[in-house]
$ cat coords06.tsv   # TSV, C-alpha atoms
chain	number	residue	atom	x	y	z
A	1	MET	CA	9.74	77.14	28.43
A	2	LYS	CA	8.15	75.54	25.45
A	3	ASN	CA	11.46	73.86	24.49
A	4	HIS	CA	11.99	72.58	28.05
A	5	ALA	CA	8.48	71.10	28.03
A	6	LEU	CA	9.09	69.39	24.70
A	7	HIS	CA	12.37	67.92	25.96
A	8	ARG	CA	10.62	66.58	29.08
A	9	ILE	CA	7.90	64.94	26.95
A	10	ALA	CA	10.52	63.42	24.63
A	11	ALA	CA	12.48	62.10	27.60
A	12	VAL	CA	9.36	60.49	29.09
A	13	LEU	CA	8.57	58.84	25.76
A	14	LEU	CA	12.11	57.53	25.41
A	15	LEU	CA	12.03	56.11	28.93
A	16	ALA	CA	8.70	54.50	28.26
A	17	LEU	CA	9.96	52.91	25.04
A	18	ALA	CA	13.19	51.80	26.72
A	19	GLY	CA	11.23	50.24	29.55
A	20	SER	CA	8.90	48.41	27.20
A	21	GLY	CA	11.70	47.11	24.96
A	22	PRO	CA	12.49	43.92	26.89
A	23	ALA	CA	8.80	43.26	27.52
A	24	MET	CA	8.06	43.64	23.83
A	25	ALA	CA	10.97	41.36	22.94
A	26	GLN	CA	9.68	38.73	25.38
A	27	THR	CA	6.35	38.57	23.57
A	28	VAL	CA	8.10	37.14	20.49
A	29	LYS	CA	8.68	33.66	21.90
A	30	PRO	CA	10.30	30.93	19.81
A	31	VAL	CA	7.93	28.25	18.52
A	32	LYS	CA	8.78	25.03	20.32
A	33	ILE	CA	9.07	21.96	18.10
A	34	GLY	CA	9.09	18.55	19.79
A	35	PHE	CA	11.67	16.36	18.05
A	36	ILE	CA	11.29	12.79	19.34
A	37	GLY	CA	13.72	10.53	17.48
A	38	THR	CA	15.64	7.28	17.68
A	39	LEU	CA	19.08	8.64	18.57
A	40	SER	CA	20.50	5.54	20.27
A	41	THR	CA	20.42	1.76	19.59
A	42	PRO	CA	21.94	0.36	16.34
A	43	ALA	CA	19.35	2.42	14.43
A	44	GLY	CA	20.53	5.61	16.10
A	45	TYR	CA	22.50	6.76	13.07
A	46	ILE	CA	19.15	7.19	11.28
A	47	GLY	CA	17.92	9.57	13.96
A	48	GLU	CA	21.29	11.32	13.90
A	49	ASP	CA	21.01	11.98	10.16
A	50	GLU	CA	17.42	13.15	10.53
A	51	HIS	CA	18.26	15.46	13.43
A	52	ASP	CA	21.36	16.89	11.76
A	53	ALA	CA	19.55	17.64	8.50
A	54	PHE	CA	16.60	19.23	10.31
A	55	MET	CA	18.95	21.39	12.36
A	56	LEU	CA	20.91	22.31	9.23
A	57	ALA	CA	17.79	24.06	7.94
A	58	VAL	CA	17.38	25.81	11.32
A	59	LYS	CA	21.03	26.93	11.29
A	60	GLU	CA	20.70	28.20	7.73
A	61	GLY	CA	17.79	30.32	8.95
A	62	GLY	CA	19.84	31.78	11.80
A	63	GLY	CA	17.90	29.84	14.43
A	64	LYS	CA	14.65	30.42	12.59
A	65	LEU	CA	12.37	28.57	10.21
A	66	GLY	CA	10.53	30.80	7.78
A	67	GLY	CA	11.84	33.82	9.65
A	68	VAL	CA	10.23	32.59	12.88
A	69	PRO	CA	12.47	31.78	15.89
A	70	VAL	CA	12.23	28.12	16.84
A	71	ASP	CA	13.29	26.06	19.84
A	72	VAL	CA	13.76	22.42	18.82
A	73	VAL	CA	13.30	20.28	21.93
A	74	VAL	CA	15.09	16.99	21.26
A	75	GLU	CA	14.50	13.67	23.06
A	76	ASP	CA	15.65	10.10	22.33
A	77	ASP	CA	12.88	7.48	22.23
A	78	GLY	CA	15.39	4.59	22.35
A	79	LEU	CA	13.17	2.78	19.83
A	80	LYS	CA	10.71	2.10	22.66
A	81	PRO	CA	7.08	3.14	22.08
A	82	ALA	CA	6.39	3.47	25.83
A	83	ASN	CA	9.33	5.84	26.25
A	84	ALA	CA	8.19	7.92	23.31
A	85	LYS	CA	4.66	8.21	24.67
A	86	GLN	CA	5.94	9.43	28.04
A	87	ILE	CA	8.10	12.02	26.29
A	88	ALA	CA	5.18	13.17	24.13
A	89	ASP	CA	2.85	13.39	27.14
A	90	LYS	CA	5.36	15.63	28.91
A	91	MET	CA	5.90	17.82	25.86
A	92	VAL	CA	2.16	18.30	25.38
A	93	GLN	CA	1.83	19.22	29.07
A	94	ASP	CA	4.59	21.79	28.48
A	95	GLY	CA	2.52	23.36	25.72
A	96	ILE	CA	4.29	22.00	22.64
A	97	ARG	CA	1.90	21.58	19.71
A	98	LEU	CA	4.22	20.96	16.76
A	99	PHE	CA	6.09	17.65	16.51
A	100	THR	CA	8.38	15.67	14.21
A	101	GLY	CA	11.34	13.27	14.42
A	102	ILE	CA	9.93	9.73	14.72
A	103	THR	CA	11.54	7.10	12.50
A	104	PHE	CA	9.64	3.89	13.27
A	105	SER	CA	5.91	3.30	12.81
A	106	ASN	CA	5.45	1.36	16.05
A	107	VAL	CA	6.76	4.43	17.91
A	108	MET	CA	4.49	6.67	15.83
A	109	ALA	CA	1.51	4.55	16.87
A	110	ALA	CA	2.25	5.35	20.53
A	111	VAL	CA	2.85	9.09	20.04
A	112	GLY	CA	0.25	9.99	17.41
A	113	PRO	CA	-2.85	9.91	19.64
A	114	THR	CA	-1.17	12.04	22.32
A	115	VAL	CA	-0.23	14.79	19.85
A	116	LEU	CA	-3.33	14.72	17.68
A	117	ASN	CA	-5.86	14.44	20.52
A	118	ALA	CA	-4.30	17.56	22.03
A	119	GLY	CA	-4.97	19.44	18.80
A	120	GLY	CA	-1.27	19.41	17.91
A	121	PHE	CA	0.37	18.93	14.52
A	122	TYR	CA	2.59	16.00	13.61
A	123	VAL	CA	4.75	16.49	10.51
A	124	SER	CA	6.50	13.18	9.86
A	125	LEU	CA	10.00	13.10	8.42
A	126	ASN	CA	9.99	9.30	8.03
A	127	SER	CA	7.27	7.22	9.67
A	128	GLY	CA	4.34	6.72	7.30
A	129	PRO	CA	1.90	4.21	8.81
A	130	SER	CA	-0.92	3.02	6.57
A	131	ASN	CA	-3.67	3.70	9.11
A	132	TYR	CA	-3.06	7.48	9.04
A	133	ALA	CA	-3.19	7.35	5.25
A	134	GLY	CA	-6.63	5.76	5.16
A	135	LYS	CA	-9.57	5.46	7.53
A	136	ALA	CA	-7.69	6.90	10.53
A	137	CYS	CA	-6.33	9.90	8.62
A	138	ASN	CA	-6.17	13.10	10.63
A	139	LYS	CA	-6.26	16.70	9.46
A	140	ASN	CA	-3.20	17.52	11.60
A	141	PHE	CA	-1.02	14.61	10.47
A	142	PHE	CA	1.29	15.16	7.50
A	143	SER	CA	3.82	12.66	6.12
A	144	VAL	CA	6.66	14.28	4.19
A	145	ALA	CA	8.48	11.01	3.48
A	146	PHE	CA	6.09	8.31	2.22
A	147	GLU	CA	3.31	5.90	3.13
A	148	ASN	CA	4.78	2.58	4.19
A	149	ASP	CA	3.37	0.64	1.24
A	150	SER	CA	4.99	3.06	-1.21
A	151	TYR	CA	8.58	1.92	-0.82
A	152	SER	CA	7.46	-1.67	-1.29
A	153	ASP	CA	4.85	-1.43	-4.04
A	154	THR	CA	7.45	0.50	-6.03
A	155	ALA	CA	9.90	-2.34	-5.25
A	156	GLY	CA	7.23	-4.62	-6.71
A	157	ASP	CA	7.41	-2.46	-9.83
A	158	VAL	CA	11.18	-3.00	-9.83
A	159	ALA	CA	10.73	-6.79	-9.66
A	160	ASN	CA	8.27	-6.63	-12.54
A	161	GLU	CA	10.68	-4.43	-14.53
A	162	LEU	CA	13.44	-7.03	-14.01
A	163	GLY	CA	11.13	-9.86	-15.10
A	164	ILE	CA	11.34	-11.77	-11.80
A	165	LYS	CA	8.87	-14.67	-11.78
A	166	LYS	CA	9.49	-16.21	-8.34
A	167	MET	CA	10.03	-14.23	-5.11
A	168	VAL	CA	10.45	-14.56	-1.36
A	169	VAL	CA	9.69	-11.59	0.91
A	170	MET	CA	11.31	-10.89	4.30
A	171	ALA	CA	10.39	-8.18	6.78
A	172	PRO	CA	10.26	-7.57	10.54
A	173	ASN	CA	6.97	-8.35	12.22
A	174	TYR	CA	5.82	-4.81	13.09
A	175	GLN	CA	3.63	-2.14	11.47
A	176	ALA	CA	6.05	-0.92	8.79
A	177	GLY	CA	7.24	-4.46	8.04
A	178	ARG	CA	3.71	-5.74	7.51
A	179	ASP	CA	2.86	-2.65	5.43
A	180	ALA	CA	5.97	-3.34	3.34
A	181	VAL	CA	4.90	-6.91	2.59
A	182	ASN	CA	1.36	-5.84	1.75
A	183	GLY	CA	2.64	-3.11	-0.53
A	184	PHE	CA	4.95	-5.45	-2.41
A	185	LYS	CA	2.22	-8.06	-2.83
A	186	SER	CA	-0.15	-5.44	-4.24
A	187	ALA	CA	2.19	-4.62	-7.14
A	188	TYR	CA	4.20	-7.78	-7.84
A	189	LYS	CA	2.83	-9.86	-10.73
A	190	GLY	CA	4.87	-13.05	-10.31
A	191	GLN	CA	4.74	-15.96	-7.84
A	192	LEU	CA	5.32	-15.22	-4.15
A	193	VAL	CA	6.55	-18.49	-2.67
A	194	ASP	CA	6.92	-17.44	0.98
A	195	GLU	CA	6.57	-14.59	3.47
A	196	ILE	CA	9.26	-14.66	6.17
A	197	TYR	CA	8.84	-12.44	9.24
A	198	THR	CA	11.77	-11.54	11.49
A	199	LYS	CA	12.26	-9.64	14.74
A	200	LEU	CA	12.75	-5.89	14.60
A	201	ASP	CA	16.16	-6.05	16.31
A	202	GLN	CA	17.31	-9.35	14.80
A	203	SER	CA	21.00	-9.79	13.95
A	204	ASP	CA	21.32	-13.47	12.92
A	205	PHE	CA	19.45	-14.53	9.77
A	206	SER	CA	20.94	-17.99	9.27
A	207	VAL	CA	17.62	-19.80	9.77
A	208	GLU	CA	15.80	-17.51	7.36
A	209	LEU	CA	18.53	-17.78	4.72
A	210	ALA	CA	18.45	-21.57	4.97
A	211	ARG	CA	14.73	-21.35	4.25
A	212	VAL	CA	15.43	-19.13	1.24
A	213	ARG	CA	18.01	-21.62	-0.06
A	214	SER	CA	15.45	-24.42	0.06
A	215	LEU	CA	12.86	-22.33	-1.83
A	216	ALA	CA	15.32	-21.27	-4.56
A	217	PRO	CA	13.59	-18.03	-5.64
A	218	GLU	CA	14.92	-15.78	-8.41
A	219	ALA	CA	14.96	-12.82	-6.04
A	220	ILE	CA	14.26	-11.65	-2.49
A	221	PHE	CA	12.38	-8.54	-1.50
A	222	GLN	CA	13.38	-7.51	2.02
A	223	PHE	CA	12.82	-4.53	4.31
A	224	HIS	CA	15.33	-4.30	7.18
A	225	PRO	CA	16.52	-0.76	8.02
A	226	GLY	CA	19.68	0.02	9.94
A	227	GLY	CA	22.06	-2.51	11.46
A	228	ALA	CA	19.74	-5.44	10.81
A	229	GLY	CA	19.88	-4.79	7.07
A	230	SER	CA	23.68	-4.60	7.05
A	231	ASN	CA	23.92	-7.89	8.94
A	232	LEU	CA	21.49	-9.52	6.54
A	233	ALA	CA	23.47	-8.25	3.53
A	234	LYS	CA	26.75	-9.69	4.84
A	235	GLN	CA	25.19	-13.04	5.76
A	236	PHE	CA	23.40	-13.21	2.39
A	237	ALA	CA	26.71	-12.66	0.57
A	238	ASN	CA	28.67	-15.05	2.81
A	239	SER	CA	26.09	-17.79	2.24
A	240	GLY	CA	26.76	-17.72	-1.49
A	241	LEU	CA	23.10	-16.97	-2.21
A	242	SER	CA	23.91	-13.56	-3.66
A	243	ASP	CA	25.55	-15.27	-6.66
A	244	LYS	CA	22.23	-16.90	-7.57
A	245	ILE	CA	19.47	-14.68	-6.15
A	246	LYS	CA	18.85	-10.98	-6.80
A	247	MET	CA	18.17	-8.65	-3.88
A	248	ILE	CA	15.44	-6.02	-4.23
A	249	THR	CA	14.88	-3.53	-1.41
A	250	PRO	CA	13.76	0.00	-0.66
A	251	ILE	CA	16.70	2.38	-0.20
A	252	TYR	CA	15.82	2.31	3.51
A	253	SER	CA	17.24	-1.22	3.59
A	254	MET	CA	20.55	-0.13	2.04
A	255	ASP	CA	21.09	3.58	2.68
A	256	ASP	CA	24.49	5.29	2.40
A	257	ARG	CA	25.55	4.45	5.96
A	258	MET	CA	24.47	0.83	5.53
A	259	LEU	CA	26.30	0.69	2.20
A	260	ALA	CA	29.52	1.80	3.88
A	261	ALA	CA	29.03	-0.80	6.64
A	262	SER	CA	28.09	-3.63	4.27
A	263	GLY	CA	30.94	-3.18	1.82
A	264	ALA	CA	31.04	-5.48	-1.20
A	265	ALA	CA	28.06	-7.45	0.13
A	266	ALA	CA	25.66	-4.82	-1.22
A	267	LYS	CA	26.94	-4.92	-4.80
A	268	GLY	CA	24.15	-5.66	-7.26
A	269	TYR	CA	21.27	-4.55	-5.04
A	270	TYR	CA	18.24	-3.08	-6.82
A	271	LEU	CA	16.50	-0.32	-4.89
A	272	SER	CA	13.34	1.76	-5.02
A	273	SER	CA	13.82	5.30	-3.70
A	274	PRO	CA	11.94	8.64	-3.63
A	275	TRP	CA	15.26	10.50	-3.84
A	276	SER	CA	18.70	10.20	-5.34
A	277	ALA	CA	21.79	12.18	-4.42
A	278	ASP	CA	22.40	13.00	-8.09
A	279	LEU	CA	19.04	14.69	-8.73
A	280	PRO	CA	19.97	17.84	-10.66
A	281	ASN	CA	17.63	20.39	-9.07
A	282	ALA	CA	19.25	23.38	-7.34
A	283	GLN	CA	17.85	22.63	-3.88
A	284	ASN	CA	19.27	19.10	-3.89
A	285	GLN	CA	22.68	20.31	-5.03
A	286	HIS	CA	22.68	22.93	-2.28
A	287	PHE	CA	21.61	20.37	0.32
A	288	MET	CA	24.31	17.88	-0.64
A	289	GLN	CA	27.05	20.52	-0.44
A	290	ALA	CA	25.75	22.11	2.78
A	291	PHE	CA	25.26	18.81	4.63
A	292	GLU	CA	28.69	17.48	3.67
A	293	ALA	CA	30.32	20.78	4.63
A	294	ALA	CA	28.56	20.84	8.00
A	295	TYR	CA	28.91	17.20	9.02
A	296	HIS	CA	31.73	15.78	6.85
A	297	ARG	CA	29.71	12.83	5.63
A	298	THR	CA	27.34	11.98	2.81
A	299	PRO	CA	23.66	12.42	3.74
A	300	THR	CA	21.27	9.48	3.63
A	301	VAL	CA	17.75	9.54	2.23
A	302	TYR	CA	16.61	10.04	5.84
A	303	ALA	CA	18.55	13.30	5.96
A	304	ALA	CA	17.05	14.44	2.65
A	305	GLN	CA	13.53	13.84	3.98
A	306	ALA	CA	14.28	15.64	7.25
A	307	TYR	CA	15.67	18.67	5.41
A	308	ASP	CA	12.50	18.81	3.31
A	309	THR	CA	10.41	18.49	6.48
A	310	ALA	CA	12.14	21.45	8.11
A	311	ASN	CA	11.65	23.58	5.01
A	312	LEU	CA	7.99	22.60	4.72
A	313	ILE	CA	7.46	23.61	8.36
A	314	ALA	CA	9.33	26.85	7.63
A	315	SER	CA	6.92	27.70	4.82
A	316	ALA	CA	3.90	27.15	7.08
A	317	LEU	CA	5.35	29.05	10.06
A	318	LYS	CA	6.08	32.00	7.77
A	319	ALA	CA	2.47	31.99	6.55
A	320	VAL	CA	1.08	32.39	10.11
A	321	ASP	CA	3.90	34.43	11.67
A	322	GLY	CA	4.62	31.50	13.99
A	323	ASP	CA	1.09	31.33	15.46
A	324	VAL	CA	0.53	27.57	15.15
A	325	THR	CA	-2.36	27.30	17.62
A	326	GLY	CA	-4.15	30.64	17.15
A	327	LYS	CA	-4.06	30.27	13.37
A	328	ALA	CA	-4.29	26.48	13.21
A	329	ASP	CA	-6.52	26.43	10.12
A	330	ALA	CA	-4.15	28.72	8.22
A	331	PHE	CA	-1.12	26.73	9.40
A	332	ARG	CA	-2.74	23.50	8.19
A	333	ALA	CA	-3.59	25.07	4.84
A	334	ALA	CA	-0.01	26.28	4.44
A	335	LEU	CA	1.34	22.78	5.12
A	336	GLN	CA	-1.12	21.33	2.62
A	337	LYS	CA	0.04	23.84	0.00
A	338	ALA	CA	3.62	22.51	0.27
A	339	ASP	CA	5.09	25.76	-1.04
A	340	PHE	CA	8.76	25.06	-0.41
A	341	ALA	CA	11.92	24.17	-2.35
A	342	THR	CA	12.33	20.39	-2.17
A	343	VAL	CA	15.41	18.24	-2.71
A	344	ARG	CA	13.16	15.91	-4.67
A	345	GLY	CA	12.57	18.47	-7.42
A	346	HIS	CA	8.81	18.48	-7.07
A	347	PHE	CA	6.48	17.49	-4.24
A	348	LYS	CA	2.81	17.84	-3.35
A	349	PHE	CA	0.35	16.32	-0.92
A	350	ALA	CA	-2.57	14.05	-1.73
A	351	ALA	CA	-5.89	14.58	0.04
A	352	ASN	CA	-4.74	12.39	2.95
A	353	HIS	CA	-1.62	14.53	3.55
A	354	TYR	CA	0.73	11.88	2.17
A	355	PRO	CA	3.13	12.60	-0.71
A	356	ILE	CA	2.56	12.53	-4.44
A	357	GLN	CA	6.09	12.01	-5.75
A	358	ASP	CA	8.35	10.16	-8.18
A	359	TRP	CA	10.12	6.94	-7.21
A	360	TYR	CA	13.38	5.83	-8.81
A	361	LEU	CA	15.04	2.53	-9.65
A	362	LEU	CA	18.62	2.58	-8.32
A	363	HIS	CA	21.29	-0.07	-8.80
A	364	ILE	CA	24.40	-0.47	-6.62
A	365	GLU	CA	27.46	-0.73	-8.87
A	366	ASP	CA	31.22	-0.35	-8.78
A	367	ASN	CA	32.17	3.13	-10.03
A	368	GLY	CA	35.33	1.79	-11.65
A	369	SER	CA	37.54	2.91	-8.77
A	370	GLY	CA	36.53	0.18	-6.36
A	371	LYS	CA	33.79	2.19	-4.68
A	372	LEU	CA	30.17	1.09	-4.66
A	373	VAL	CA	27.71	3.80	-5.70
A	374	TYR	CA	24.03	4.14	-6.54
A	375	LYS	CA	23.29	4.37	-10.25
A	376	ASN	CA	20.02	6.17	-10.96
A	377	VAL	CA	18.54	3.94	-13.66
A	378	LYS	CA	15.10	5.45	-14.29
A	379	VAL	CA	11.87	6.76	-12.79
A	380	ILE	CA	10.00	3.60	-11.81
A	381	ALA	CA	6.78	5.37	-10.71
A	382	HIS	CA	5.83	8.92	-11.71
A	383	ASP	CA	3.61	10.97	-9.36
A	384	HIS	CA	3.05	7.91	-7.21
A	385	VAL	CA	0.10	7.99	-4.79
A	386	ASP	CA	-0.48	5.57	-1.93
A	387	PRO	CA	-3.40	3.10	-2.18
A	388	TYR	CA	-5.29	4.33	0.91
A	389	VAL	CA	-6.09	7.90	-0.09
A	390	SER	CA	-9.63	7.02	-1.23
A	391	GLN	CA	-10.39	5.73	2.29
A	392	CYS	CA	-9.48	9.05	3.92
A	393	LYS	CA	-12.47	11.21	4.84
A	394	MET	CA	-11.32	14.34	6.66
$ encode --input "coords06.tsv" --output "structure tokens"
Amino acid sequence: MKNHALHRIAAVLLLALAGSGPAMAQTVKPVKIGFIGTLSTPAGYIGEDEHDAFMLAVKEGGGKLGGVPVDVVVEDDGLKPANAKQIADKMVQDGIRLFTGITFSNVMAAVGPTVLNAGGFYVSLNSGPSNYAGKACNKNFFSVAFENDSYSDTAGDVANELGIKKMVVMAPNYQAGRDAVNGFKSAYKGQLVDEIYTKLDQSDFSVELARVRSLAPEAIFQFHPGGAGSNLAKQFANSGLSDKIKMITPIYSMDDRMLAASGAAAKGYYLSSPWSADLPNAQNQHFMQAFEAAYHRTPTVYAAQAYDTANLIASALKAVDGDVTGKADAFRAALQKADFATVRGHFKFAANHYPIQDWYLLHIEDNGSGKLVYKNVKVIAHDHVDPYVSQCKM
């Protein structure tokens, strides 16, 4: 009798556990991450590289980041701020509180208030507007890539290193373009003879190049990501100006995909960059091999930043067991700690949640086999910090 009773009790317990299994499994819900990116338009390849690198980290984790299941909800902003805001509004209504993906600062300006006012976190893989670095800094905004001035004040350091005495600057007339000009001006020690502003989606630069010809500078600093930058490079070379005038840009104005599209026109470019494909640290070597194996192409700097962003998020999700909202303070502290393996070798956040990192001088040269490559010349700025951090009062 006693044995029969014990068997009945055991059976009841097993049934109870079996019945609760699915319910228990359902309580472990994936953390939704809103990925709003520019996946179309001529700049769509940038969003593609960012998305693919971010998802590479997710795939390497078996659908998880930091051991936490994630559901990456992807939407294309079409490089239109209004579209991006509508997408963000809907995602917030659906309960998403962790976001990334935006490439362009004018889009970030439309999405940021929606996410941050809802108490959500935005971890930027590229966009680094100056306002969030300074007086409008927010405890839940983190930039893993840069502050917009940083790729241009370091380009100013490049111009100084090359001994350039007379410059023209060119940039699109939007947030990141204006930040780029301001950053360059803050560091450059020579004479700036003109500031030329273009349209964000401009493809014909004949008028601007005619202006450059009349000014006869020693070099141009320009910031034109994506297709616009490739068009400018080709027109600059075809005009004959490249034989007389040096071109200095951030790597974002001549990334790997742009280099392939621009061909010989990009030869001789001098670049400032927070990353180089030949950095010898183990994480970068792994990333280069894994990305090329997965996607059969060379990753751009955008991909490198996105991979770092995913791994930073992974470190913070692990610290709070995926509870982004219930343990918001701990999640924020884990992001701030930046305890992750980075392709850049070393990385930490300043008090405004923008990077402290090295920037490199790269030069585009022929490798001797007819292929143009980036030569890593030297560190141009060690442990660089953006100029707005002192204005940030969190």
$ atom_distance --input "coords06.tsv" --atom1 "CA of Val377 (chain A)" --atom2 "CA of His363 (chain A)"
6.9 Å
$ closest_atom_pairs --input "coords06.tsv" --of "region 23-102 of chain A" --to "region 112-131 of chain A" --cutoff "7 Å" --atoms "only C-alpha atoms" --output "Markdown table"
| residue | atom | partner | partner_atom | distance |
| --- | --- | --- | --- | --- |
| A:Ala88 | CA | A:Thr114 | CA | 6.7 |
| A:Asp89 | CA | A:Thr114 | CA | 6.4 |
| A:Val92 | CA | A:Val115 | CA | 7.0 |
| A:Arg97 | CA | A:Gly120 | CA | 4.2 |
| A:Leu98 | CA | A:Phe121 | CA | 4.9 |
| A:Phe99 | CA | A:Tyr122 | CA | 4.8 |
| A:Thr100 | CA | A:Val123 | CA | 5.2 |
| A:Gly101 | CA | A:Leu125 | CA | 6.2 |
| A:Ile102 | CA | A:Ser127 | CA | 6.2 |
$ residues_near_point --input "coords06.tsv" --point "(17.1, 10.7, 10.5)" --cutoff "10 Å" --atoms "only C-alpha atoms" --output "PDB file with C-alpha atoms, in the frame of the given file"
ATOM      1  CA  GLY A  37      13.720  10.530  17.480  1.00  0.00           C
ATOM      2  CA  THR A  38      15.640   7.280  17.680  1.00  0.00           C
ATOM      3  CA  LEU A  39      19.080   8.640  18.570  1.00  0.00           C
ATOM      4  CA  ALA A  43      19.350   2.420  14.430  1.00  0.00           C
ATOM      5  CA  GLY A  44      20.530   5.610  16.100  1.00  0.00           C
ATOM      6  CA  TYR A  45      22.500   6.760  13.070  1.00  0.00           C
ATOM      7  CA  ILE A  46      19.150   7.190  11.280  1.00  0.00           C
ATOM      8  CA  GLY A  47      17.920   9.570  13.960  1.00  0.00           C
ATOM      9  CA  GLU A  48      21.290  11.320  13.900  1.00  0.00           C
ATOM     10  CA  ASP A  49      21.010  11.980  10.160  1.00  0.00           C
ATOM     11  CA  GLU A  50      17.420  13.150  10.530  1.00  0.00           C
ATOM     12  CA  HIS A  51      18.260  15.460  13.430  1.00  0.00           C
ATOM     13  CA  ASP A  52      21.360  16.890  11.760  1.00  0.00           C
ATOM     14  CA  ALA A  53      19.550  17.640   8.500  1.00  0.00           C
ATOM     15  CA  PHE A  54      16.600  19.230  10.310  1.00  0.00           C
ATOM     16  CA  GLY A 101      11.340  13.270  14.420  1.00  0.00           C
ATOM     17  CA  ILE A 102       9.930   9.730  14.720  1.00  0.00           C
ATOM     18  CA  THR A 103      11.540   7.100  12.500  1.00  0.00           C
ATOM     19  CA  LEU A 125      10.000  13.100   8.420  1.00  0.00           C
ATOM     20  CA  ASN A 126       9.990   9.300   8.030  1.00  0.00           C
ATOM     21  CA  PRO A 299      23.660  12.420   3.740  1.00  0.00           C
ATOM     22  CA  THR A 300      21.270   9.480   3.630  1.00  0.00           C
ATOM     23  CA  VAL A 301      17.750   9.540   2.230  1.00  0.00           C
ATOM     24  CA  TYR A 302      16.610  10.040   5.840  1.00  0.00           C
ATOM     25  CA  ALA A 303      18.550  13.300   5.960  1.00  0.00           C
ATOM     26  CA  ALA A 304      17.050  14.440   2.650  1.00  0.00           C
ATOM     27  CA  GLN A 305      13.530  13.840   3.980  1.00  0.00           C
ATOM     28  CA  ALA A 306      14.280  15.640   7.250  1.00  0.00           C
ATOM     29  CA  TYR A 307      15.670  18.670   5.410  1.00  0.00           C
TER      30      TYR A 307
END
$ residues_around --input "coords06.tsv" --residues "Lys199 (chain A)" --least-positions-apart "4" --cutoff "9 Å" --atoms "only C-alpha atoms" --output "VMD selection string"
chain A and resid 171 to 174 203
$ atom_distance --input "coords06.tsv" --atom1 "CA of Pro355 (chain A)" --atom2 "CA of Val389 (chain A)"
10.4 Å
$ closest_residue --input "coords06.tsv" --among "A:Gly134, A:Thr154, A:Asp339, A:His224" --to "Asp383 (chain A)" --atoms "all atoms listed in the file"
A:Thr154
$ closest_residue --input "coords06.tsv" --among "A:Arg178, A:Pro81, A:Met288, A:Met108" --to "Phe141 (chain A)" --atoms "only C-alpha atoms"
A:Met108
$ residues_near_point --input "coords06.tsv" --point "(14.1, -1.1, -7.9)" --cutoff "12 Å" --atoms "all atoms listed in the file" --output "number ranges by chain"
A: 151-164, 184, 188, 219-222, 246-251, 253-254, 268-274, 359-364, 374-381
$ atom_distance --input "coords06.tsv" --atom1 "CA of Phe223 (chain A)" --atom2 "CA of Ala180 (chain A)"
7.0 Å
$ build_atoms --input "coords06.tsv" --residues "region 264-275 of chain A" --atoms "N, CA and C atoms" --output "PDB file, in the frame of the given file"
ATOM      1  N   ALA A 264      31.308  -4.811   0.076  1.00  0.00           N
ATOM      2  CA  ALA A 264      31.040  -5.480  -1.200  1.00  0.00           C
ATOM      3  C   ALA A 264      29.770  -6.313  -1.170  1.00  0.00           C
ATOM      4  N   ALA A 265      29.254  -6.607   0.030  1.00  0.00           N
ATOM      5  CA  ALA A 265      28.060  -7.450   0.130  1.00  0.00           C
ATOM      6  C   ALA A 265      26.838  -6.821  -0.530  1.00  0.00           C
ATOM      7  N   ALA A 266      26.835  -5.503  -0.658  1.00  0.00           N
ATOM      8  CA  ALA A 266      25.660  -4.820  -1.220  1.00  0.00           C
ATOM      9  C   ALA A 266      25.725  -4.670  -2.730  1.00  0.00           C
ATOM     10  N   LYS A 267      26.813  -5.077  -3.346  1.00  0.00           N
ATOM     11  CA  LYS A 267      26.940  -4.920  -4.800  1.00  0.00           C
ATOM     12  C   LYS A 267      25.820  -5.688  -5.509  1.00  0.00           C
ATOM     13  N   GLY A 268      25.190  -5.023  -6.469  1.00  0.00           N
ATOM     14  CA  GLY A 268      24.150  -5.660  -7.260  1.00  0.00           C
ATOM     15  C   GLY A 268      22.750  -5.451  -6.741  1.00  0.00           C
ATOM     16  N   TYR A 269      22.599  -4.825  -5.571  1.00  0.00           N
ATOM     17  CA  TYR A 269      21.270  -4.550  -5.040  1.00  0.00           C
ATOM     18  C   TYR A 269      20.473  -3.670  -6.004  1.00  0.00           C
ATOM     19  N   TYR A 270      19.189  -3.951  -6.110  1.00  0.00           N
ATOM     20  CA  TYR A 270      18.240  -3.080  -6.820  1.00  0.00           C
ATOM     21  C   TYR A 270      17.358  -2.397  -5.783  1.00  0.00           C
ATOM     22  N   LEU A 271      17.195  -1.089  -5.906  1.00  0.00           N
ATOM     23  CA  LEU A 271      16.500  -0.320  -4.890  1.00  0.00           C
ATOM     24  C   LEU A 271      15.398   0.542  -5.487  1.00  0.00           C
ATOM     25  N   SER A 272      14.334   0.726  -4.714  1.00  0.00           N
ATOM     26  CA  SER A 272      13.340   1.760  -5.020  1.00  0.00           C
ATOM     27  C   SER A 272      13.587   2.913  -4.052  1.00  0.00           C
ATOM     28  N   SER A 273      13.499   4.147  -4.551  1.00  0.00           N
ATOM     29  CA  SER A 273      13.820   5.300  -3.700  1.00  0.00           C
ATOM     30  C   SER A 273      13.059   6.534  -4.187  1.00  0.00           C
ATOM     31  N   PRO A 274      12.596   7.390  -3.241  1.00  0.00           N
ATOM     32  CA  PRO A 274      11.940   8.640  -3.630  1.00  0.00           C
ATOM     33  C   PRO A 274      12.930   9.777  -3.867  1.00  0.00           C
ATOM     34  N   TRP A 275      14.224   9.467  -3.733  1.00  0.00           N
ATOM     35  CA  TRP A 275      15.260  10.500  -3.840  1.00  0.00           C
ATOM     36  C   TRP A 275      16.567   9.867  -4.254  1.00  0.00           C
TER      37      TRP A 275
END
